[in-house]
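Here's the structure we're looking at; comments come further down.
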Amino acid sequence: MTRLRPRLRPRLRVRLRSEAIALLVAVATWPCHAHADPEGVAPDAPAEGPPAPAEPAAEPAAPPVPAPELVPPPVTPSAPPPPAPPRFPQHFLFGNGLSLLITRLSVGYEYLHIAHHSLGFSIHGQYGGGIASEIIGVKGVFVGVGGEVGYRFYAWRDGPFGPFFGLSFLAGYYHTQATFYAIDPKSFRFAQYGPAVDLGWSVHLDRTTVLALALGAQYTGVDVDPRSLNELTRLLVGDGPRPRGQIQVGKTF
């Protein structure tokens, strides 16, 4: 082995030199385009020819238009519903039975526009003193007509029922007469007027029939000298303070 080493060394050196020279020649003759930046050339792009035209950008889609039958109609404000009718009788038509004792025929009417509150009126016609004049032994005769307008407050909510309080104004026009059969030359006409107040209670007799009892007072004046009135006229339709009462029987609706 020691003998062969000196022989092999020259050959190995020659071989290495030839390989080194071949490597240098290959490097020197390497094409220039092999050193181009690989990022600048697309791997799949063709070597020659014009570039492919770019595709046009897609236009945005238009929003869908609803069908005419699916478009809701415009909302219009509706009118407020009419108020519900009250659930109680608003009307009271009555007659005053107590006035018959003094030969007075009286009828009246009340209207409850809202619960508790009523407005009303009554009218009457009178002839003489009737039974009252016979009971108290007072003589005298008179005739006349009159009326009354007033307000009442009822404690119950279901119509003209229950305890009530009333204020009113009364007026009348009368003609004095001493006897039924002879014309009194001293007779004359006069007017009576003034305020009144009442307290009472109204109850059901049946579904629509009502009985109202009231007691009160009135203060009236006359447009003549009170001393010129006969005794009965001065007592019943004269001036000054005096008590009063009512017995009203009627129908509600």
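As shown in the structure tokens, the chain order sets the letters A, B, ...; within each chain, residues go from 1, and ligands are also counted from 1 in the order they appear.
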
query: Quick one: residues within 10 Å of A:Phe190, only C-alpha atoms counted, chain neighbours fewer than 4 positions away excluded, as a VMD selection string?
result: chain A and resid 144 172 to 176 222 to 226 229 237 to 238

Just to be explicit: take each residue in the selection above, keep C-alpha atoms, and write the result as a PDB file, in the first residue's frame.
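Done, and the output landed in selection.pdb:
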```
ATOM      1  CA  GLY A 144    -151.876  82.017  38.770  1.00  0.00           C
ATOM      2  CA  GLY A 172    -144.895  83.094  39.470  1.00  0.00           C
ATOM      3  CA  TYR A 173    -147.587  85.487  38.322  1.00  0.00           C
ATOM      4  CA  TYR A 174    -150.872  85.557  40.260  1.00  0.00           C
ATOM      5  CA  HIS A 175    -154.246  87.284  40.400  1.00  0.00           C
ATOM      6  CA  THR A 176    -155.956  87.913  43.738  1.00  0.00           C
ATOM      7  CA  VAL A 222    -143.447  90.315  45.543  1.00  0.00           C
ATOM      8  CA  ASP A 223    -143.686  93.375  43.358  1.00  0.00           C
ATOM      9  CA  VAL A 224    -146.590  94.869  45.351  1.00  0.00           C
ATOM     10  CA  ASP A 225    -147.171  95.925  48.941  1.00  0.00           C
ATOM     11  CA  PRO A 226    -147.466  92.617  50.842  1.00  0.00           C
ATOM     12  CA  LEU A 229    -152.605  90.643  49.743  1.00  0.00           C
ATOM     13  CA  VAL A 237    -147.537  82.932  47.528  1.00  0.00           C
ATOM     14  CA  GLY A 238    -146.527  85.937  49.544  1.00  0.00           C
TER      15      GLY A 238
END
```

message: Residues near A:Leu105, anyone? I mean within 7 Å using only C-alpha atoms, not counting same-chain ones fewer than 5 positions away, as a list in words.
response: Ser99, Leu100, His124, Gly125 and Gln126 of chain A

Atom CA of A:Leu211 to atom CA of A:Ile247, distance in Å rounded to a single decimal: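 A separation of 7.3 Å between them.
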
task: Find, counting only C-alpha atoms, the residue in A:Gly129, A:Thr220, A:Phe121, A:Arg87 that gets nearest to A:Ile102.
output: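 Distance minimum relative to A:Ile102 lands on A:Gly129.
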
Any chance you could list, as a CSV table (one decimal) with C-alpha atoms, in the first residue's frame, the residues in stretch 91-230 of chain A that come up helix (DSSP H, G or I) when DSSP is run on the backbone?
```csv
chain,number,residue,atom,x,y,z
A,98,LEU,CA,-147.9,67.6,47.6
A,99,SER,CA,-148.9,70.6,45.6
A,100,LEU,CA,-152.3,69.1,45.0
A,101,LEU,CA,-153.2,69.9,48.6
A,102,ILE,CA,-153.2,73.6,47.7
A,130,GLY,CA,-157.7,74.0,48.2
A,131,ILE,CA,-157.8,71.7,51.2
A,132,ALA,CA,-155.1,73.7,53.0
A,133,SER,CA,-157.3,76.7,53.3
A,134,GLU,CA,-160.1,74.6,54.8
A,135,ILE,CA,-157.8,72.9,57.3
A,136,ILE,CA,-156.2,76.1,58.6
A,226,PRO,CA,-147.5,92.6,50.8
A,227,ARG,CA,-150.1,94.1,53.1
A,228,SER,CA,-152.5,94.4,50.1
```

task: Determine which residues of stretch 66-253 of chain A DSSP labels as strand (DSSP E or B) from the backbone of this structure, then write them out as a ChimeraX atom specification.
output: /A:91-96,104-114,117-127,141-154,162-177,189-204,209-222,240-252

task: Could you please determine the separation between atom CA of A:Arg207 and atom CA of A:Phe88 in Å, to one decimal place?
output: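 A separation of 11.8 Å between them.
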
field: Among the residues A:Leu236, A:Leu24, A:Ala84, A:Val138, the one that comes closest to A:Arg104 [using only C-alpha atoms]
entry: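 Answer, going by the shortest atom-to-atom distance: A:Leu236.
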
field: Option closest in space to A:Leu232, from A:Pro86, A:Pro63, A:Pro77, A:Gly140 [counting only C-alpha atoms]
entry: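 So, comparing all the options, the nearest one is A:Gly140.
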
- prompt: Which residue out of A:Asn230, A:Leu93, A:Arg244, A:Ser118 has the minimum interatomic distance to A:Lys186 when only C-alpha atoms are used?
  reply: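 Looking only at the distances to A:Lys186, the closest residue turns out to be A:Asn230.
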
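Across A:Pro160, A:Pro241, A:Pro195, A:Gly250, the tightest approach to A:Gln90 is made by A:Pro160 when counting only C-alpha atoms.
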